[in-house]
>>> print(open('protein23.txt').read())   # compact mmCIF, C-alpha atoms
# COMPACT_ATOMS: atom_id res chain seq x y z
CA MET A 41 0.00 0.00 0.00
CA THR A 42 1.35 3.37 -0.97
CA GLY A 43 -0.61 5.95 0.93
CA ASP A 44 -4.19 7.03 0.57
CA LEU A 45 -6.13 6.64 -2.65
CA LYS A 46 -7.37 9.85 -4.27
CA ILE A 47 -10.14 9.51 -6.85
CA VAL A 48 -12.77 11.72 -8.46
CA LEU A 49 -16.49 10.94 -8.36
CA GLU A 50 -18.87 12.52 -10.84
CA PHE A 51 -22.65 12.34 -11.05
CA SER A 52 -24.93 13.35 -13.88
CA ALA A 53 -28.41 13.21 -15.37
CA GLY A 54 -30.06 13.29 -11.96
CA ALA A 55 -27.78 10.92 -10.01
CA GLU A 56 -26.28 13.96 -8.26
CA LEU A 57 -29.65 14.67 -6.61
CA LEU A 58 -29.01 11.75 -4.26
CA PHE A 59 -25.58 13.12 -3.32
CA ASP A 60 -26.25 16.62 -2.00
CA ASN A 61 -26.60 17.82 -5.58
CA ILE A 62 -22.81 17.89 -5.95
CA LYS A 63 -21.82 16.93 -9.49
CA LYS A 64 -18.12 16.42 -8.97
CA ARG A 65 -16.03 15.74 -5.91
CA GLU A 66 -12.60 14.43 -5.03
CA ILE A 67 -12.46 11.83 -2.31
CA THR A 68 -9.64 10.20 -0.40
CA LEU A 69 -9.93 6.57 0.60
CA PRO A 70 -7.74 5.19 3.42
CA SER A 71 -5.06 2.73 2.43
CA THR A 72 -6.31 0.18 4.93
CA GLU A 73 -7.92 -2.02 2.32
CA LYS A 74 -7.81 -2.84 -1.38
CA TRP A 75 -10.40 -0.64 -3.08
CA THR A 76 -12.72 -1.98 -5.75
CA ILE A 77 -15.96 -0.57 -7.09
CA ARG A 78 -17.70 -3.00 -4.75
CA ASN A 79 -16.40 -1.49 -1.54
CA LEU A 80 -16.41 2.00 -3.04
CA LEU A 81 -20.20 1.68 -3.41
CA LYS A 82 -20.43 0.58 0.20
CA TRP A 83 -18.28 3.53 1.25
CA MET A 84 -20.47 5.89 -0.78
CA LYS A 85 -23.62 4.53 0.82
CA GLU A 86 -22.19 5.01 4.30
CA ASN A 87 -20.57 8.38 3.74
CA ILE A 88 -22.07 10.50 0.99
CA LEU A 89 -25.37 8.98 -0.21
CA ARG A 90 -27.94 11.33 1.30
CA GLU A 91 -31.32 10.55 -0.18
CA ARG A 92 -33.36 7.48 -0.99
CA PRO A 93 -30.45 5.00 -1.08
CA GLU A 94 -32.63 2.43 -2.89
CA LEU A 95 -32.60 4.69 -5.96
CA PHE A 96 -28.85 4.25 -6.19
CA ILE A 97 -27.90 0.95 -4.61
CA GLN A 98 -29.62 -2.42 -4.81
CA GLY A 99 -27.95 -5.26 -2.96
CA ASP A 100 -24.23 -4.76 -3.39
CA THR A 101 -24.41 -3.07 -6.81
CA VAL A 102 -25.88 0.02 -8.44
CA ARG A 103 -29.54 0.05 -9.27
CA PRO A 104 -30.14 -1.21 -12.81
CA GLY A 105 -30.40 1.82 -15.08
CA ILE A 106 -27.46 3.66 -13.55
CA LEU A 107 -24.48 3.65 -15.90
CA VAL A 108 -20.99 3.58 -14.48
CA LEU A 109 -18.01 4.91 -16.44
CA ILE A 110 -14.46 4.43 -15.21
CA ASN A 111 -12.14 6.98 -16.81
CA ASP A 112 -14.84 7.44 -19.47
CA THR A 113 -15.05 3.72 -20.24
CA ASP A 114 -18.11 1.54 -19.62
CA TRP A 115 -17.48 -0.41 -16.40
CA GLU A 116 -18.94 -3.49 -18.08
CA LEU A 117 -15.64 -3.75 -19.97
CA LEU A 118 -13.57 -3.40 -16.82
CA GLY A 119 -14.87 -6.06 -14.48
CA GLU A 120 -17.71 -4.02 -12.96
CA LEU A 121 -17.72 -4.50 -9.17
CA ASP A 122 -14.32 -6.20 -9.17
CA TYR A 123 -12.48 -3.34 -10.87
CA GLU A 124 -9.56 -2.29 -8.70
CA LEU A 125 -9.39 1.47 -8.20
CA GLN A 126 -6.18 3.27 -9.19
CA GLN A 127 -4.84 6.67 -8.12
CA LYS A 128 -6.65 9.56 -9.85
CA ASP A 129 -9.36 7.35 -11.32
CA ASN A 130 -12.49 9.17 -12.43
CA ILE A 131 -15.74 7.34 -11.72
CA LEU A 132 -18.86 8.74 -13.36
CA PHE A 133 -22.40 7.68 -12.49
CA ILE A 134 -25.09 8.57 -15.04
CA SER A 135 -28.72 8.02 -14.25
CA THR A 136 -30.91 6.88 -17.14
CA LEU A 137 -33.99 6.94 -14.98
CA HIS A 138 -35.05 10.52 -15.41
CA GLY A 139 -37.52 12.01 -17.85
CA GLY A 140 -37.39 11.82 -21.59
CA MET B 137 -4.75 -4.40 -20.55
CA PRO B 138 -7.36 -2.38 -22.44
CA ILE B 139 -9.94 -4.23 -24.47
CA LEU B 140 -9.75 -3.39 -28.16
CA CYS B 141 -12.63 -2.42 -30.41
CA LYS B 142 -14.31 -5.44 -31.96
CA SER B 143 -14.16 -3.95 -35.44
CA ASN B 144 -10.33 -4.28 -35.47
CA CYS B 145 -9.82 -0.57 -35.94
CA GLY B 146 -7.05 -0.71 -33.34
CA ASN B 147 -8.72 1.70 -30.92
CA LYS B 148 -9.51 1.07 -27.30
CA ALA B 149 -13.09 -0.06 -26.68
CA VAL B 150 -15.15 2.28 -24.49
CA LEU B 151 -18.44 0.50 -24.16
CA LYS B 152 -20.20 -2.81 -24.30
CA ARG B 153 -23.29 -2.68 -26.49
CA PRO B 154 -26.34 -4.02 -24.68
CA LYS B 155 -27.87 -5.38 -27.89
CA THR B 156 -24.90 -7.44 -29.07
CA ALA B 157 -22.41 -7.43 -26.16
CA ASP B 158 -19.81 -6.13 -28.64
CA ALA B 159 -17.02 -3.97 -27.25
CA LEU B 160 -16.65 -0.88 -29.42
CA CYS B 161 -14.53 2.26 -29.50
CA LYS B 162 -16.17 5.69 -29.57
CA GLU B 163 -15.96 6.17 -33.33
CA CYS B 164 -17.21 2.68 -34.23
CA PHE B 165 -20.03 3.05 -31.68
CA PHE B 166 -21.15 6.35 -33.23
CA ALA B 167 -21.05 4.77 -36.68
CA ALA B 168 -23.05 1.68 -35.62
CA PHE B 169 -25.58 3.72 -33.62
CA GLU B 170 -26.26 6.11 -36.49
CA ALA B 171 -26.26 3.37 -39.15
CA GLU B 172 -28.87 1.36 -37.26
CA ILE B 173 -31.21 4.32 -36.93
CA HIS B 174 -30.72 5.04 -40.63
CA HIS B 175 -31.59 1.42 -41.34
CA THR B 176 -34.75 1.68 -39.21
CA ILE B 177 -35.80 4.85 -41.03
CA THR B 178 -35.23 3.46 -44.52
CA SER B 179 -36.46 -0.09 -44.01
CA SER B 180 -39.68 1.09 -42.35
CA LYS B 181 -40.07 3.92 -44.90
CA LEU B 182 -40.69 6.47 -42.14
CA PHE B 183 -40.18 9.54 -44.33
CA ARG B 184 -40.45 10.59 -47.94
CA HIS B 185 -38.19 13.04 -49.73
CA GLY B 186 -39.32 16.65 -49.32
CA GLU B 187 -41.44 16.08 -46.23
CA LYS B 188 -41.62 18.46 -43.28
CA VAL B 189 -41.11 16.64 -39.99
CA ALA B 190 -41.69 17.91 -36.46
CA VAL B 191 -39.40 16.48 -33.79
CA ALA B 192 -41.35 16.33 -30.54
CA ALA B 193 -38.77 17.92 -28.26
CA SER B 194 -38.89 17.83 -24.48
CA GLY B 195 -35.27 18.70 -23.84
CA GLY B 196 -34.70 15.22 -22.39
CA LYS B 197 -32.09 12.73 -23.55
CA ASP B 198 -34.24 10.89 -26.10
CA SER B 199 -35.57 13.86 -28.02
CA THR B 200 -32.21 15.63 -27.88
CA VAL B 201 -30.45 12.61 -29.39
CA LEU B 202 -33.30 12.18 -31.89
CA ALA B 203 -33.00 15.79 -33.10
CA HIS B 204 -29.22 15.47 -33.35
CA VAL B 205 -29.27 12.17 -35.25
CA LEU B 206 -32.11 13.15 -37.59
CA LYS B 207 -30.28 16.32 -38.57
CA LEU B 208 -27.08 14.38 -39.13
CA LEU B 209 -28.70 11.56 -41.15
CA ASN B 210 -30.82 14.02 -43.13
CA GLU B 211 -27.62 15.70 -44.31
CA ARG B 212 -25.53 12.54 -44.66
CA HIS B 213 -28.08 10.52 -46.63
CA ASN B 214 -29.90 13.35 -48.31
CA TYR B 215 -33.37 12.53 -46.94
CA GLY B 216 -34.49 15.95 -48.15
CA LEU B 217 -36.45 16.61 -44.95
CA GLU B 218 -37.30 19.93 -43.42
CA LEU B 219 -36.89 19.36 -39.68
CA VAL B 220 -38.54 21.55 -37.05
CA LEU B 221 -38.75 21.29 -33.28
CA LEU B 222 -42.14 21.18 -31.57
CA SER B 223 -42.36 21.55 -27.80
CA ILE B 224 -45.26 21.55 -25.43
CA ASP B 225 -45.21 23.77 -22.38
CA GLU B 226 -47.44 22.09 -19.82
CA GLY B 227 -46.96 24.97 -17.40
CA ILE B 228 -45.06 23.11 -14.67
CA THR B 229 -42.90 25.51 -12.72
CA GLY B 230 -39.44 24.20 -11.90
CA TYR B 231 -39.63 21.51 -14.54
CA ARG B 232 -40.86 22.46 -17.96
CA ASP B 233 -39.68 26.04 -17.80
CA ASP B 234 -36.14 24.72 -17.27
CA SER B 235 -36.33 21.98 -19.87
CA LEU B 236 -37.59 24.45 -22.48
CA GLU B 237 -34.33 26.33 -22.05
CA THR B 238 -32.59 23.13 -23.16
CA VAL B 239 -34.88 22.91 -26.18
CA LYS B 240 -33.97 26.48 -27.09
CA LYS B 241 -30.35 25.44 -26.99
CA ASN B 242 -31.18 22.53 -29.33
CA ARG B 243 -32.83 25.04 -31.65
CA ASP B 244 -29.64 27.11 -31.81
CA ASP B 245 -27.26 24.12 -31.98
CA TYR B 246 -29.17 22.32 -34.74
CA GLU B 247 -30.40 25.43 -36.55
CA MET B 248 -33.99 24.24 -36.56
CA SER B 249 -37.01 26.43 -36.01
CA LEU B 250 -38.87 25.87 -32.75
CA LYS B 251 -42.57 26.13 -31.97
CA ILE B 252 -43.63 26.06 -28.33
CA LEU B 253 -47.32 25.52 -27.62
CA SER B 254 -48.61 25.90 -24.11
CA TYR B 255 -51.51 24.25 -22.30
CA GLU B 256 -52.32 27.75 -21.13
CA GLU B 257 -52.98 29.02 -24.67
CA LEU B 258 -54.61 25.78 -25.91
CA TYR B 259 -56.78 24.92 -22.93
CA GLY B 260 -56.69 27.97 -20.65
CA TRP B 261 -55.18 25.85 -17.87
CA THR B 262 -51.57 25.23 -16.81
CA MET B 263 -50.63 21.96 -15.10
CA ASP B 264 -49.77 23.94 -11.98
CA ARG B 265 -53.38 25.15 -11.81
CA ILE B 266 -54.79 21.73 -12.74
CA VAL B 267 -52.84 20.12 -9.90
CA ALA B 268 -54.14 22.78 -7.54
CA GLN B 269 -57.67 21.62 -8.52
CA ILE B 270 -57.27 17.86 -8.76
CA GLY B 271 -54.39 17.12 -6.40
CA ARG B 272 -51.59 14.70 -7.08
CA SER B 273 -53.54 11.57 -7.94
CA ASN B 274 -54.93 11.87 -11.46
CA ASN B 275 -52.86 14.78 -12.69
CA CYS B 276 -50.81 12.62 -15.08
CA THR B 277 -54.03 11.67 -16.91
CA PHE B 278 -54.65 15.32 -17.72
CA CYS B 279 -51.10 15.92 -18.71
CA GLY B 280 -50.88 12.84 -20.96
CA VAL B 281 -54.20 13.42 -22.72
CA PHE B 282 -53.57 17.11 -23.23
CA ARG B 283 -50.02 16.58 -24.49
CA ARG B 284 -51.09 14.00 -27.01
CA GLN B 285 -53.59 16.37 -28.50
CA ALA B 286 -51.31 19.38 -28.14
CA LEU B 287 -48.74 17.67 -30.38
CA ASP B 288 -51.45 17.06 -32.99
CA ARG B 289 -52.53 20.68 -32.79
CA GLY B 290 -48.94 21.88 -33.07
CA ALA B 291 -48.29 19.62 -36.04
CA LYS B 292 -51.37 20.94 -37.81
CA LEU B 293 -50.33 24.49 -37.09
CA LEU B 294 -46.86 23.88 -38.51
CA GLY B 295 -48.24 21.98 -41.49
CA VAL B 296 -45.90 19.02 -41.04
CA ASP B 297 -46.23 15.60 -42.68
CA SER B 298 -45.32 13.66 -39.56
CA ILE B 299 -44.24 13.93 -35.92
CA ALA B 300 -41.12 12.07 -34.81
CA THR B 301 -41.03 11.10 -31.13
CA GLY B 302 -38.11 9.91 -29.04
CA HIS B 303 -39.59 6.62 -27.78
CA ASN B 304 -36.74 4.17 -27.35
CA ALA B 305 -36.65 0.37 -27.19
CA ASP B 306 -36.78 0.30 -23.39
CA ASP B 307 -39.82 2.63 -23.36
CA ILE B 308 -41.66 0.44 -25.84
CA ALA B 309 -40.88 -2.79 -23.97
CA GLU B 310 -42.15 -1.16 -20.75
CA THR B 311 -45.32 -0.07 -22.51
CA VAL B 312 -45.96 -3.60 -23.81
CA ILE B 313 -45.67 -4.97 -20.26
CA MET B 314 -47.90 -2.22 -18.85
CA ASN B 315 -50.58 -2.79 -21.47
CA ILE B 316 -50.53 -6.55 -20.83
CA LEU B 317 -50.85 -6.01 -17.09
CA ARG B 318 -53.75 -3.60 -17.63
CA GLY B 319 -55.48 -5.77 -20.19
CA ASP B 320 -55.46 -2.81 -22.53
CA THR B 321 -55.61 -4.74 -25.78
CA ALA B 322 -56.34 -1.69 -27.91
CA ARG B 323 -53.14 0.01 -26.87
CA LEU B 324 -51.25 -3.28 -26.80
CA SER B 325 -52.07 -3.85 -30.45
CA ARG B 326 -50.60 -0.55 -31.57
CA CYS B 327 -47.91 0.33 -29.01
CA THR B 328 -45.19 -1.49 -30.94
CA ASP B 329 -46.11 0.11 -34.27
CA ILE B 330 -43.24 2.20 -35.57
CA LYS B 331 -45.75 4.41 -37.37
CA THR B 332 -49.21 5.24 -36.07
CA GLY B 333 -52.04 7.43 -37.29
CA GLY B 334 -51.89 8.83 -40.76
CA SER B 335 -55.47 8.21 -41.81
CA GLU B 336 -57.22 11.11 -43.53
CA ASP B 337 -57.55 13.35 -40.46
CA SER B 338 -54.53 12.52 -38.34
CA ILE B 339 -50.88 13.30 -38.72
CA PRO B 340 -48.66 10.20 -38.58
CA ARG B 341 -46.31 9.68 -35.67
CA VAL B 342 -43.06 7.83 -36.14
CA LYS B 343 -40.53 6.37 -33.69
CA PRO B 344 -37.08 6.31 -35.31
CA LEU B 345 -35.48 5.20 -32.01
CA LYS B 346 -37.81 2.23 -31.63
CA TYR B 347 -34.94 -0.28 -31.71
CA THR B 348 -32.41 1.90 -29.90
CA TYR B 349 -31.51 0.97 -26.34
CA GLU B 350 -31.69 3.58 -23.65
CA LYS B 351 -28.15 2.83 -22.49
CA GLU B 352 -26.82 3.61 -25.97
CA ILE B 353 -28.83 6.84 -26.17
CA VAL B 354 -27.33 8.00 -22.87
CA MET B 355 -23.82 6.90 -23.89
CA TYR B 356 -24.17 8.59 -27.28
CA ALA B 357 -25.31 11.83 -25.63
CA HIS B 358 -22.45 11.56 -23.15
CA TYR B 359 -19.68 10.94 -25.68
CA LYS B 360 -21.08 13.52 -28.11
CA LYS B 361 -21.41 15.98 -25.20
CA LEU B 362 -25.01 16.75 -26.08
CA VAL B 363 -26.76 18.94 -23.57
CA TYR B 364 -29.98 17.52 -22.23
CA PHE B 365 -32.30 18.09 -19.32
CA SER B 366 -32.74 15.35 -16.77
CA THR B 367 -34.94 16.32 -13.89
CA GLU B 368 -37.91 14.22 -12.99
CA CYS B 369 -41.26 15.96 -13.37
CA VAL B 370 -42.15 17.55 -10.05
CA PHE B 371 -45.62 15.97 -10.18
CA ALA B 372 -44.94 12.53 -11.58
CA PRO B 373 -43.34 9.66 -9.75
CA ASN B 374 -45.11 7.51 -12.42
CA ALA B 375 -45.14 4.49 -10.17
CA TYR B 376 -46.65 2.01 -12.61
CA ARG B 377 -44.07 2.54 -15.33
CA GLY B 378 -41.40 2.49 -12.63
CA HIS B 379 -42.40 -1.06 -11.69
CA ALA B 380 -42.42 -2.24 -15.30
CA ARG B 381 -39.04 -0.64 -15.75
CA ALA B 382 -37.48 -2.20 -12.67
CA PHE B 383 -38.90 -5.58 -13.70
CA LEU B 384 -37.35 -5.33 -17.18
CA LYS B 385 -34.01 -4.11 -15.85
CA ASP B 386 -33.86 -7.10 -13.52
CA LEU B 387 -34.74 -9.48 -16.36
CA GLU B 388 -32.11 -7.87 -18.55
CA LYS B 389 -29.44 -8.92 -16.06
CA VAL B 390 -30.16 -12.59 -16.77
CA ARG B 391 -31.28 -12.23 -20.38
CA PRO B 392 -29.77 -9.23 -22.18
CA SER B 393 -32.01 -9.64 -25.22
CA VAL B 394 -35.21 -9.30 -23.20
CA ILE B 395 -36.00 -5.76 -24.44
CA MET B 396 -35.92 -6.79 -28.10
CA ASP B 397 -37.70 -10.05 -27.31
CA ILE B 398 -40.64 -8.27 -25.66
CA ILE B 399 -40.93 -5.79 -28.53
CA HIS B 400 -40.91 -8.74 -30.93
CA SER B 401 -43.62 -10.49 -28.89
CA GLY B 402 -45.69 -7.31 -28.97
CA GLU B 403 -45.29 -7.03 -32.73
CA GLN B 404 -46.36 -10.62 -33.32
CA LEU B 405 -49.48 -10.60 -31.15
CA ARG B 406 -52.70 -11.05 -33.04
CA PHE B 407 -56.07 -10.27 -31.57
CA LYS B 408 -59.35 -12.09 -32.07
CA ASP B 409 -61.96 -10.26 -34.11
CA THR B 410 -64.20 -10.42 -31.05
CA VAL B 411 -61.83 -8.12 -29.16
CA LYS B 412 -63.45 -4.72 -29.18
CA LYS B 413 -61.34 -2.26 -31.08
CA PRO B 414 -61.86 1.48 -30.81
CA THR B 415 -62.93 3.09 -34.04
CA ARG B 416 -60.94 6.20 -34.69
CA GLY B 417 -63.00 9.20 -35.50
CA ILE B 418 -63.05 12.93 -35.05
CA CYS B 419 -64.19 14.66 -31.89
CA GLU B 420 -67.34 16.62 -32.72
CA ARG B 421 -66.32 19.38 -30.30
CA CYS B 422 -62.68 20.09 -31.09
CA GLY B 423 -62.20 18.29 -34.41
CA PHE B 424 -59.13 16.32 -33.37
CA VAL B 425 -58.62 12.56 -33.60
CA SER B 426 -60.51 10.54 -31.03
CA SER B 427 -62.14 7.17 -30.53
CA GLN B 428 -64.72 8.62 -28.14
CA GLN B 429 -67.41 11.28 -28.40
CA PRO B 430 -66.49 13.81 -27.20
CA CYS B 431 -62.77 13.18 -26.93
CA LYS B 432 -61.05 12.66 -23.60
CA ALA B 433 -59.34 16.06 -23.76
CA CYS B 434 -62.73 17.79 -24.17
CA VAL B 435 -64.26 15.85 -21.27
CA LEU B 436 -61.32 16.63 -18.98
CA LEU B 437 -61.47 20.28 -19.99
CA GLU B 438 -65.21 20.44 -19.40
CA GLY B 439 -64.62 18.97 -15.93
CA LEU B 440 -62.07 21.65 -15.12
CA ASN B 441 -64.26 24.44 -16.39
CA ARG B 442 -67.35 23.17 -14.55
CA GLY B 443 -65.39 22.83 -11.32
CA LEU B 444 -65.85 19.03 -11.53
CA PRO B 445 -62.22 18.07 -12.14
CA LYS B 446 -62.86 14.34 -11.66
CA LEU B 447 -65.36 14.33 -14.54
CA GLY B 448 -63.15 12.61 -17.09
CA ILE B 449 -61.55 10.23 -14.61
CA GLY B 450 -63.10 6.79 -14.49
CA LYS B 451 -66.28 5.56 -16.14
CA LYS B 452 -68.32 7.72 -18.48
CA SER B 453 -71.57 6.83 -16.70
CA LYS B 454 -70.13 8.23 -13.48
CA GLY B 455 -69.22 11.45 -15.29
CA ASP B 456 -72.70 11.71 -16.77
CA ARG B 457 -74.18 11.38 -13.28
CA MET B 458 -71.88 14.13 -12.02
CA ILE B 459 -73.04 16.47 -14.77
CA ALA B 460 -76.70 15.58 -14.18
CA ASN B 461 -76.34 16.27 -10.43
CA GLN B 462 -74.63 19.57 -11.03
CA GLU B 463 -77.29 20.64 -13.51
CA LYS B 464 -80.02 19.66 -11.08
CA GLU B 465 -78.38 21.69 -8.33
CA MET B 466 -77.96 24.66 -10.60
CA ALA B 467 -81.58 24.45 -11.68
CA LEU B 468 -82.65 24.35 -8.04
CA ARG B 469 -80.47 27.33 -7.25
CA ASP B 470 -81.93 29.25 -10.19
CA LYS B 471 -85.39 28.45 -8.96
CA ALA B 472 -84.48 29.56 -5.46
CA ASN B 473 -83.11 32.82 -6.82
CA LEU B 474 -86.23 33.28 -8.86
CA VAL B 475 -88.41 32.79 -5.81
CA LYS B 476 -86.28 35.18 -3.82
CA ASN B 477 -86.42 37.81 -6.53
CA ASP B 478 -90.17 37.62 -6.66
CA PHE B 479 -90.36 39.40 -3.35
>>> encode(input="protein23.txt", output="structure tokens")
Amino acid sequence: MTGDLKIVLEFSAGAELLFDNIKKREITLPSTEKWTIRNLLKWMKENILRERPELFIQGDTVRPGILVLINDTDWELLGELDYELQQKDNILFISTLHGG
Amino acid sequence: MPILCKSNCGNKAVLKRPKTADALCKECFFAAFEAEIHHTITSSKLFRHGEKVAVAASGGKDSTVLAHVLKLLNERHNYGLELVLLSIDEGITGYRDDSLETVKKNRDDYEMSLKILSYEELYGWTMDRIVAQIGRSNNCTFCGVFRRQALDRGAKLLGVDSIATGHNADDIAETVIMNILRGDTARLSRCTDIKTGGSEDSIPRVKPLKYTYEKEIVMYAHYKKLVYFSTECVFAPNAYRGHARAFLKDLEKVRPSVIMDIIHSGEQLRFKDTVKKPTRGICERCGFVSSQQPCKACVLLEGLNRGLPKLGIGKKSKGDRMIANQEKEMALRDKANLVKNDF
């Protein structure tokens, strides 16, 4: 482990409404464990998810209909929950659930 | 180790297509996305050269992508279409007023003319005022019925040959499920049609994004940096569609083709002749397409104007009773006034 992990979280198309309406934030994760999307989601739920958690998280993953992009690439190509976070990663959550 | 684009272009793949599970790079994804919509438009003969087409624009992701792609394909493949934007202002503060700003941006970006028609000017009522009357239970009925007709009115005003709407594959699959669950065979039989209307008195509606997955629409908008509006309507949690949607999303996890499969099932359904089908006619009051006399929009409007907002909700017989009671009361009141004035 080489120090704390700094990553950027972004939310768009309505997903930000569940996170204090903040569209972009930098977070620092302690180096006590190996960070994957799986435990990042858990961390988010415990620390920054403010409203109606069921609209964002279902079980141990995101609610179907929320797209996840890791450094602008579809997380489905990167192992989804098992993707191991790297320094300066950018994780974007886009809701597809809102209006049309 | 980055995954490479399936088309062997040498670029890094950025997304997995829900329809095919192919990993594609940005450029190949754009090309496939646009080519498939072009294929849908040509194979279903949605437009004819020289036609004027209104894009029903809400400012949301679907209509924004639709306007963008139609403009692009129109130029690329020389469809010869005149494209215009048509928006409906329901009069919902904090929702539609903001989304219309997005539509105005679409107008400038895509150099299309824009017509905005409001419920206020068409019906004399905004949704804000309707909700103040009816509360939050049946408000979506008003909004849906009025919008449907408002688009027809707008299309007539603009003199267009058809209206293109942004319904995507996920929307249509949800609608099939909802219509099955409601036993609404009339809607079930036409909800998968890519083109509806178009008889002598109605303007056809087409759905060029019928086979386009929602995920791809959102990814396309994201990678193309298209600006769209994405706030939920302040009045509409739309619970029923939400359930259908959640159900389909869960099914999709185990069977990725489920969206296309349900649309296919909907398309192949055949109904017995004994199933009552609505006959499309013209409302004798307002002159717009309807299968009832008078049309639903006119009944709802009459209810609002009479101070009986529930008039058009539920069975017609119940509505007739409400009108009869009100008329009786008014007659009694008139009589009472008459008596009073005699002295």
>>> residues_around(input="protein23.txt", residues="Val411 in chain B", least_positions_apart="5", cutoff="12 Å", atoms="all atoms listed in the file", output="tab-separated table (two decimals) with C-alpha atoms, in the coordinates of the input")
chain	number	residue	atom	x	y	z
B	319	GLY	CA	-55.48	-5.77	-20.19
B	320	ASP	CA	-55.46	-2.81	-22.53
B	321	THR	CA	-55.61	-4.74	-25.78
B	322	ALA	CA	-56.34	-1.69	-27.91
B	324	LEU	CA	-51.25	-3.28	-26.80
B	325	SER	CA	-52.07	-3.85	-30.45
B	406	ARG	CA	-52.70	-11.05	-33.04
>>> closest_atom_pairs(input="protein23.txt", of="range 319-436 of chain B", to="range 152-156 of chain B", cutoff="12 Å", atoms="all atoms listed in the file", output="Markdown table")
| residue | atom | partner | partner_atom | distance |
| --- | --- | --- | --- | --- |
| B:Tyr347 | CA | B:Lys155 | CA | 9.5 |
| B:Thr348 | CA | B:Lys155 | CA | 8.8 |
| B:Tyr349 | CA | B:Pro154 | CA | 7.4 |
| B:Glu350 | CA | B:Pro154 | CA | 9.4 |
| B:Lys351 | CA | B:Pro154 | CA | 7.4 |
| B:Glu352 | CA | B:Arg153 | CA | 7.2 |
| B:Ile353 | CA | B:Arg153 | CA | 11.0 |
| B:Val354 | CA | B:Arg153 | CA | 12.0 |
| B:Met355 | CA | B:Arg153 | CA | 9.9 |
| B:Tyr356 | CA | B:Arg153 | CA | 11.3 |
| B:Lys385 | CA | B:Pro154 | CA | 11.7 |
| B:Glu388 | CA | B:Pro154 | CA | 9.3 |
| B:Lys389 | CA | B:Pro154 | CA | 10.4 |
| B:Arg391 | CA | B:Pro154 | CA | 10.5 |
| B:Pro392 | CA | B:Pro154 | CA | 6.7 |
| B:Ser393 | CA | B:Lys155 | CA | 6.5 |
| B:Val394 | CA | B:Lys155 | CA | 9.6 |
| B:Ile395 | CA | B:Lys155 | CA | 8.8 |
| B:Met396 | CA | B:Lys155 | CA | 8.2 |
| B:Asp397 | CA | B:Lys155 | CA | 10.9 |
>>> atom_distance(input="protein23.txt", atom1="CA of Glu247 in chain B", atom2="CA of Tyr259 in chain B")
29.7 Å
>>> interface_residues(input="protein23.txt", of="chain A", to="chain B", cutoff="8 Å", atoms="all atoms listed in the file", output="list in words")
Ala53, Gly54, Pro104, Gly105, Leu107, Asp112, Thr113, Asp114, Trp115, Glu116, Leu117, Thr136, His138, Gly139 and Gly140 of chain A
>>> residues_around(input="protein23.txt", residues="Ile316 in chain B", least_positions_apart="2", cutoff="12 Å", atoms="only C-alpha atoms", output="list in words")
Ala309, Glu310, Thr311, Val312, Ile313, Met314, Arg318, Gly319, Asp320, Thr321, Ala322, Arg323, Leu324, Ser325, Cys327, Ala380, Ile398, Ser401, Gly402 and Leu405 of chain B
>>> residues_around(input="protein23.txt", residues="range 417-427 of chain B", least_positions_apart="6", cutoff="8 Å", atoms="all atoms listed in the file", output="PyMOL selection string")
chain B and resi 285+288-289+337-338+434
